[in-house]
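Q: Sharing a structure with you now.
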There are 2 protein chains.
Amino acid sequence: MGPVAFQGELGAYSELASREFFGYDIDVSPTQTFREVFEKVQSGNAEAGMIPIENSLAGSVHENYDLFLDHDLVIVGEIKLRIVHHLIVNSGVAIEDVRSVMSHPQALAQCKDFIDTLPSAHAVPVYDTAGAVRDLMSSGAKDAAAIGSAQAAANYAMPILESGIESNHQNFTRFLVVKPRSSAPDVPHRGPHAASEPDAAKAKVTVVFALHNEPGVLFKSLAVFALRDIDLLKIESRPLHGQPWEYLFYLDFSGDVADAKCRKALEHMGEITTLLRVLGSYEEGKVVDGSPTASHPASGEAPR
Amino acid sequence: MGPVAFQGELGAYSELASREFFGYDIDVSPTQTFREVFEKVQSGNAEAGMIPIENSLAGSVHENYDLFLDHDLVIVGEIKLRIVHHLIVNSGVAIEDVRSVMSHPQALAQCKDFIDTLPSAHAVPVYDTAGAVRDLMSSGAKDAAAIGSAQAAANYAMPILESGIESNHQNFTRFLVVKPRSSAPDVPHRGPHAASEPDAAKAKVTVVFALHNEPGVLFKSLAVFALRDIDLLKIESRPLHGQPWEYLFYLDFSGDVADAKCRKALEHMGEITTLLRVLGSYEEGKVVDGSPTASHPASGEAPR
């Protein structure tokens with residue numbers, strides 16, 4: 001397959017998610033911004049994109065919700081990555097040598113308890129986790145460590161001194177896999193075979209909609225699903241530009257657009273919405289650990 | 001009254017909101033972080049806090065939603081400030097002298113069309129809008145300008161060359177006024193007189209709640225209000241820490257906790273929630289322009 005685009009440096013958690021989803025031998029295409037990921041996929045310069053949409057501690061990545069509206073991509077899959085932080089060093093460095101620990105401020109905060117156990121090390125905030133690992137390798141420093149993913153350690157062929165150093169192990173990031181709508185013609189009218197597959201019960205649909213501005217209309221929109229016993233999984237509101245204090249809603253619900261019940265619900269939504277778009281109908285993502293694995297080959301494409 | 005705490009430098013839009021709400025002669029207490037605003041108010045070191053909660057283009061300020069849960073403050077008021085950006089310079093500088101325009105990246109982006117009309121000026125991103133104005137004053141530069149609020153121009157006694165230079169004039173920030181719960185004993189059991197005041201129809205209530213994890217429960221929670229003809233104004237979801245993919249909901253609805261209908265709705269919510277807290281019952285905020293006014297006295301308290 002063609003390359004998978006993600007935002008961040010090589011070794012970012014998004015790269016790990018890409019390889020866990022598609023396999024470790026894929027080509028990857030790192031970008032600086034989330035918008036570039038959407039653009040690369042839409043233009044066909046990448047075959048798919050891996051988009052973080054929500055972290056179980058920090059909440060939704062609202063920028064990516066907004067980018068869905070500006071592009072015509074479709075969600076074809078999902079993966080939930082447990083964020084496991086590793087203490088990564090240059091070869092030959094022992095834990096008692098470490099005087100400084102570099103990483104993104106959020107990763108440093110998530111590993112504060114561990115850093116406090118190091119006798120004489122202090123935290124040094126840098127732009128991103130994978131960049132911290134790369135810079136540590138370039139510098140060759142023997143008195144410093146970086147906090148990053150197993151993927152970053154593998155990419156830069158650096159030893160991991162400690163694994164799972166985050167304080168809260170219930171730290172997951174949910175990623176969406178996106179492709180151009182033209183490459184996935186089965187959304188929103190997927191063939192009827194999908195509904196009879198064994199995992200159909202775990203199917204989910206993501207829609208975005210805007211409502212007429214009248215009392216009770218949000219309630220009515222949720223009634224569309226509740227009255228059909230369709231479970232709502234998540235609701236996210238975003239501002240509607242140019243109409244202060246009105247909102248777009250992004251809704252995840254259980255179901256498959258191949259099911260008649262789901263299609264009827266979407267028809268019903270059409271009656272009460274001013275905008276309605278199915279962003280994807282896909283299998284609920286499995287949870288993966290992203291724990292250290294055997295060293296993986298570095299990507300064939302250089303970071304930008 | 002005691003000082004009003006807000007996050008940012010003197011001259012920040014939060015200071016303008018504070019003065020528009022409480023009057024131009026108040027003392028203000030700037031802080032570096034939103035958490036410090038909550039702490040100053042809770043500890044009694046400030047009489048009130050002015051908290052931006054939502055921008056009509058950028059969306060909610062999620063950090064402030066989360067901070068409500070960690071503190072015991074009550075919302076006592078609201079104000080909606082139209083964000084009007086001004087081109088501010090040192091004395092004697094004309095528009096054709098301007099070679100660089102400093103401001104926060106978001107302000108620069110919102111004024112891109114205007115900056116593009118300047119023949120030879122380029123944008124210089126800095127940490128915040130009011131800080132850009134202060135630094136411009138300190139430098140005395142005659143070839144530079146800053147984009148900031150009328151309040152910043154007034155505080156640093158600097159001329160405004162152009163006003164309203166933002167491309168989208170439908171840019172509003174909604175602020176909440178917070179006080180310690182102990183200072184506002186009438187929430188959630190305000191006296192019955194409030195309901196009969198002329199503006200009672202514009203009263204609103206903000207609550208935060210968590211739901212039992214069972215199908216249809218979000219729908220049921222909104223039914224509590226819809227079945228009583230109570231208008232929902234806004235819903236915001238935030239992650240529930242330690243329970244991945246479960247959520248806290250922040251809900252704004254029309255009403256007054258002094259009304260029997262509202263109290264019944266809250267009792268009903270108590271039946272289906274695992275957590276329910278009334279964050280405030282207050283008058284809907286007026287919209288103010290924050291346009292240039294006569295020069296206001298600088299704050300009595302130095303920035304920290």
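The chains in the structure tokens are called A, B, ... from first to last as shown; in each chain the residues are counted from 1, and the ligands are counted from 1 in the order shown.
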Name all residues at most 6 Å from region 264-276 of chain A (count only C-alpha atoms; drop same-chain ones fewer than 2 positions away) and give them as a PyMOL selection string.
A: chain A and resi 208-211+224+261-262
Q: Pick out the chain B residues within 10 Å of chain A. Count only C-alpha atoms. Give them as a ChimeraX atom specification.
A: /B:54-60,62-63,66,168-174,214-227,229-247,249
Q: Any idea what's packed within 12 Å of Glu284 (chain B), counting only C-alpha atoms, ignoring anything in its chain fewer than 5 positions away? Could you give it as a PyMOL selection string?
A: chain B and resi 75-80+174-177+199-206+233+252-256
Q: Could you save the residues just selected, with N, CA, C and O atoms, as an mmCIF file, in the first residue's frame?
A:
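Heads up, here's the output in again_21.cif:
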data_model
loop_
_atom_site.group_PDB
_atom_site.id
_atom_site.type_symbol
_atom_site.label_atom_id
_atom_site.label_comp_id
_atom_site.auth_asym_id
_atom_site.auth_seq_id
_atom_site.Cartn_x
_atom_site.Cartn_y
_atom_site.Cartn_z
ATOM 1 N N ILE B 75 -20.629 30.481 39.675
ATOM 2 C CA ILE B 75 -20.757 31.472 38.605
ATOM 3 C C ILE B 75 -21.832 32.470 39.011
ATOM 4 O O ILE B 75 -22.964 32.083 39.298
ATOM 5 N N VAL B 76 -21.480 33.749 39.052
ATOM 6 C CA VAL B 76 -22.449 34.763 39.469
ATOM 7 C C VAL B 76 -22.823 35.708 38.324
ATOM 8 O O VAL B 76 -23.695 36.551 38.484
ATOM 9 N N GLY B 77 -22.166 35.582 37.198
ATOM 10 C CA GLY B 77 -22.495 36.470 36.087
ATOM 11 C C GLY B 77 -21.792 36.055 34.819
ATOM 12 O O GLY B 77 -20.994 35.110 34.810
ATOM 13 N N GLU B 78 -22.113 36.767 33.750
ATOM 14 C CA GLU B 78 -21.599 36.417 32.421
ATOM 15 C C GLU B 78 -21.505 37.705 31.609
ATOM 16 O O GLU B 78 -22.297 38.623 31.796
ATOM 17 N N ILE B 79 -20.527 37.768 30.714
ATOM 18 C CA ILE B 79 -20.446 38.899 29.784
ATOM 19 C C ILE B 79 -19.876 38.386 28.469
ATOM 20 O O ILE B 79 -19.024 37.484 28.459
ATOM 21 N N LYS B 80 -20.411 38.920 27.365
ATOM 22 C CA LYS B 80 -19.954 38.500 26.043
ATOM 23 C C LYS B 80 -19.251 39.691 25.397
ATOM 24 O O LYS B 80 -19.884 40.713 25.135
ATOM 25 N N ARG B 174 -17.080 34.638 25.398
ATOM 26 C CA ARG B 174 -18.027 34.621 26.513
ATOM 27 C C ARG B 174 -17.229 34.374 27.793
ATOM 28 O O ARG B 174 -16.460 33.417 27.880
ATOM 29 N N PHE B 175 -17.372 35.271 28.763
ATOM 30 C CA PHE B 175 -16.660 35.168 30.034
ATOM 31 C C PHE B 175 -17.646 34.857 31.156
ATOM 32 O O PHE B 175 -18.786 35.328 31.130
ATOM 33 N N LEU B 176 -17.181 34.107 32.145
ATOM 34 C CA LEU B 176 -17.967 33.866 33.353
ATOM 35 C C LEU B 176 -17.316 34.591 34.527
ATOM 36 O O LEU B 176 -16.085 34.624 34.637
ATOM 37 N N VAL B 177 -18.155 35.140 35.401
ATOM 38 C CA VAL B 177 -17.677 35.802 36.607
ATOM 39 C C VAL B 177 -17.844 34.821 37.760
ATOM 40 O O VAL B 177 -18.946 34.299 37.972
ATOM 41 N N ASP B 199 -36.256 40.407 34.286
ATOM 42 C CA ASP B 199 -35.317 39.730 33.420
ATOM 43 C C ASP B 199 -35.236 38.234 33.691
ATOM 44 O O ASP B 199 -34.372 37.553 33.154
ATOM 45 N N ALA B 200 -36.147 37.708 34.511
ATOM 46 C CA ALA B 200 -36.035 36.306 34.920
ATOM 47 C C ALA B 200 -36.033 35.376 33.707
ATOM 48 O O ALA B 200 -35.434 34.318 33.736
ATOM 49 N N ALA B 201 -36.678 35.799 32.615
ATOM 50 C CA ALA B 201 -36.735 34.949 31.430
ATOM 51 C C ALA B 201 -35.353 34.734 30.835
ATOM 52 O O ALA B 201 -35.129 33.780 30.105
ATOM 53 N N LYS B 202 -34.404 35.628 31.129
ATOM 54 C CA LYS B 202 -33.077 35.498 30.562
ATOM 55 C C LYS B 202 -32.107 34.836 31.534
ATOM 56 O O LYS B 202 -30.899 34.860 31.320
ATOM 57 N N ALA B 203 -32.633 34.292 32.634
ATOM 58 C CA ALA B 203 -31.760 33.635 33.595
ATOM 59 C C ALA B 203 -31.264 32.316 33.012
ATOM 60 O O ALA B 203 -31.927 31.697 32.179
ATOM 61 N N LYS B 204 -30.068 31.912 33.396
ATOM 62 C CA LYS B 204 -29.559 30.626 32.958
ATOM 63 C C LYS B 204 -28.841 29.916 34.095
ATOM 64 O O LYS B 204 -28.434 30.546 35.077
ATOM 65 N N VAL B 205 -28.723 28.613 33.942
ATOM 66 C CA VAL B 205 -28.118 27.763 34.965
ATOM 67 C C VAL B 205 -27.045 26.919 34.285
ATOM 68 O O VAL B 205 -27.243 26.455 33.156
ATOM 69 N N THR B 206 -25.916 26.752 34.965
ATOM 70 C CA THR B 206 -24.876 25.846 34.480
ATOM 71 C C THR B 206 -24.708 24.715 35.492
ATOM 72 O O THR B 206 -24.559 24.973 36.692
ATOM 73 N N LEU B 233 -29.096 25.288 26.248
ATOM 74 C CA LEU B 233 -28.343 26.316 25.532
ATOM 75 C C LEU B 233 -27.006 25.793 25.027
ATOM 76 O O LEU B 233 -26.512 26.222 23.992
ATOM 77 N N ASP B 252 -25.600 24.107 29.974
ATOM 78 C CA ASP B 252 -26.228 25.407 30.251
ATOM 79 C C ASP B 252 -27.685 25.301 29.833
ATOM 80 O O ASP B 252 -27.983 24.824 28.725
ATOM 81 N N PHE B 253 -28.594 25.718 30.689
ATOM 82 C CA PHE B 253 -30.006 25.727 30.294
ATOM 83 C C PHE B 253 -30.684 26.988 30.811
ATOM 84 O O PHE B 253 -30.214 27.627 31.755
ATOM 85 N N SER B 254 -31.794 27.353 30.161
ATOM 86 C CA SER B 254 -32.570 28.525 30.566
ATOM 87 C C SER B 254 -33.291 28.231 31.866
ATOM 88 O O SER B 254 -33.914 27.170 31.987
ATOM 89 N N GLY B 255 -33.243 29.157 32.790
ATOM 90 C CA GLY B 255 -33.965 28.934 34.026
ATOM 91 C C GLY B 255 -33.266 29.582 35.194
ATOM 92 O O GLY B 255 -32.219 30.211 35.050
ATOM 93 N N ASP B 256 -33.877 29.395 36.365
ATOM 94 C CA ASP B 256 -33.393 30.007 37.583
ATOM 95 C C ASP B 256 -33.632 28.978 38.681
ATOM 96 O O ASP B 256 -34.723 28.414 38.767
#
Q: Check the DSSP output for the backbone and give back, as a list in words, the residues of region 95-152 of chain B in strand (DSSP E or B).
A: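 These are the residues in question: Ser100, Val101, Met102, Ser103, His122, Ala123, Val124, Pro125, Ala144, Ala145, Ala146, Ile147 and Gly148 of chain B.
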Q: Taking all heavy atoms for each residue, export the selection above as a short mmCIF file (atom, residue, chain, number, x, y, z; two decimals), in the first residue's frame.
A:
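Saved file again.cif follows:
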data_model
loop_
_atom_site.label_atom_id
_atom_site.label_comp_id
_atom_site.auth_asym_id
_atom_site.auth_seq_id
_atom_site.Cartn_x
_atom_site.Cartn_y
_atom_site.Cartn_z
N SER B 100 6.91 45.69 10.93
CA SER B 100 6.56 44.42 11.58
C SER B 100 5.35 44.62 12.48
O SER B 100 5.16 45.69 13.05
CB SER B 100 7.74 43.85 12.37
OG SER B 100 8.10 44.75 13.40
N VAL B 101 4.52 43.58 12.56
CA VAL B 101 3.29 43.62 13.36
C VAL B 101 3.33 42.43 14.32
O VAL B 101 3.31 41.27 13.91
CB VAL B 101 2.03 43.53 12.47
CG1 VAL B 101 0.78 43.56 13.33
CG2 VAL B 101 2.02 44.65 11.44
N MET B 102 3.42 42.74 15.61
CA MET B 102 3.55 41.69 16.64
C MET B 102 2.22 41.39 17.30
O MET B 102 1.47 42.31 17.61
CB MET B 102 4.50 42.18 17.74
CG MET B 102 5.92 42.44 17.27
SD MET B 102 6.94 43.02 18.65
CE MET B 102 6.30 44.69 18.84
N SER B 103 1.94 40.12 17.54
CA SER B 103 0.79 39.74 18.36
C SER B 103 0.78 38.23 18.56
O SER B 103 1.65 37.53 18.03
CB SER B 103 -0.53 40.20 17.74
OG SER B 103 -1.54 40.24 18.74
N HIS B 122 5.54 42.61 7.93
CA HIS B 122 5.34 41.17 8.11
C HIS B 122 4.92 40.91 9.56
O HIS B 122 5.17 41.72 10.46
CB HIS B 122 6.61 40.40 7.75
CG HIS B 122 7.76 40.70 8.65
ND1 HIS B 122 8.51 41.84 8.55
CD2 HIS B 122 8.27 40.00 9.70
CE1 HIS B 122 9.44 41.84 9.48
NE2 HIS B 122 9.32 40.75 10.21
N ALA B 123 4.27 39.75 9.75
CA ALA B 123 3.73 39.39 11.06
C ALA B 123 4.81 38.73 11.91
O ALA B 123 5.59 37.91 11.43
CB ALA B 123 2.55 38.44 10.88
N VAL B 124 4.83 39.07 13.21
CA VAL B 124 5.79 38.49 14.15
C VAL B 124 5.01 37.90 15.32
O VAL B 124 4.44 38.64 16.13
CB VAL B 124 6.78 39.56 14.68
CG1 VAL B 124 7.75 38.95 15.68
CG2 VAL B 124 7.52 40.22 13.53
N PRO B 125 4.94 36.57 15.41
CA PRO B 125 4.17 35.97 16.51
C PRO B 125 4.88 36.11 17.85
O PRO B 125 6.09 35.89 17.94
CB PRO B 125 4.06 34.50 16.09
CG PRO B 125 5.13 34.27 15.08
CD PRO B 125 5.53 35.58 14.50
N ALA B 144 7.50 49.51 14.09
CA ALA B 144 6.74 48.31 14.43
C ALA B 144 5.39 48.69 15.00
O ALA B 144 5.18 49.82 15.44
CB ALA B 144 7.51 47.46 15.43
N ALA B 145 4.47 47.73 14.97
CA ALA B 145 3.15 47.91 15.57
C ALA B 145 2.79 46.63 16.31
O ALA B 145 3.42 45.58 16.10
CB ALA B 145 2.12 48.21 14.48
N ALA B 146 1.79 46.71 17.17
CA ALA B 146 1.28 45.52 17.85
C ALA B 146 -0.23 45.48 17.65
O ALA B 146 -0.87 46.53 17.47
CB ALA B 146 1.62 45.56 19.33
N ILE B 147 -0.78 44.28 17.65
CA ILE B 147 -2.23 44.11 17.60
C ILE B 147 -2.71 43.73 19.00
O ILE B 147 -2.20 42.77 19.59
CB ILE B 147 -2.64 43.04 16.58
CG1 ILE B 147 -2.32 43.54 15.16
CG2 ILE B 147 -4.12 42.69 16.70
CD1 ILE B 147 -2.53 42.49 14.08
N GLY B 148 -3.65 44.51 19.53
CA GLY B 148 -4.14 44.22 20.88
C GLY B 148 -5.46 44.91 21.13
O GLY B 148 -6.10 45.44 20.21
#
Q: Distance CA of Leu118 (chain B)-CA of Arg35 (chain A), one decimal place?
A: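 Interatomic distance here is 27.6 Å.
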Q: Pick from B:Val84, B:Ala5, B:Leu248, B:Ala17: nearest to Phe34 (chain B), with only C-alpha atoms counted?
A: B:Ala5
Q: Pull the helix (DSSP H, G or I) assignments for region 91-255 of chain B out of DSSP run on the backbone, and list those residues as JSON, numbers by chain.
A: {"B": [95, 96, 97, 105, 106, 107, 108, 109, 110, 112, 113, 114, 115, 116, 117, 129, 130, 131, 132, 133, 134, 135, 136, 137, 138, 139, 150, 151, 152, 153, 154, 155, 181, 182, 183, 192, 193, 194, 195, 196, 198, 199, 200, 201, 202, 217, 218, 219, 220, 221, 222, 223, 224, 225, 226]}
Q: Find the residue from B:Val288, B:Arg263, B:Leu251, B:Ala150 that sits nearest to Glu162 (chain B); use only C-alpha atoms when measuring.
A: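 The answer is B:Ala150, which sits nearest to Glu162 (chain B).
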Q: Between B:Leu87, B:Val98, B:Val133, B:Ala260, which has the minimum distance to Glu9 (chain B) (counting only C-alpha atoms)?
A: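 Going through B:Leu87, B:Val98, B:Val133, B:Ala260 one by one, the smallest distance to Glu9 (chain B) is for B:Val133.
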Q: Looking at only C-alpha atoms, which of B:Phe38, B:Tyr65, B:Tyr250, B:Phe114 is the one that sits closest to Pro180 (chain B)?
A: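 Checking each of B:Phe38, B:Tyr65, B:Tyr250, B:Phe114 against Pro180 (chain B), counting only C-alpha atoms, the winner is B:Phe38.
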Q: What does the distance between CA of Ala141 (chain A) and CA of Phe6 (chain A) come to in Å, to one decimal place?
A: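 If I compute the distance from CA of Ala141 (chain A) to CA of Phe6 (chain A), I get 28.6 Å.
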Q: Using CA of Asn155 (chain B) and CA of Leu10 (chain B) as the two end points, give the distance in Å to one decimal.
A: 7.3 Å
Q: Skipping near chain neighbours, those fewer than 3 positions away, what residues fall within 8 Å of Asp72 (chain A) using only C-alpha atoms, listed as a PyMOL selection string?
A: chain A and resi 42+68-69+180-181
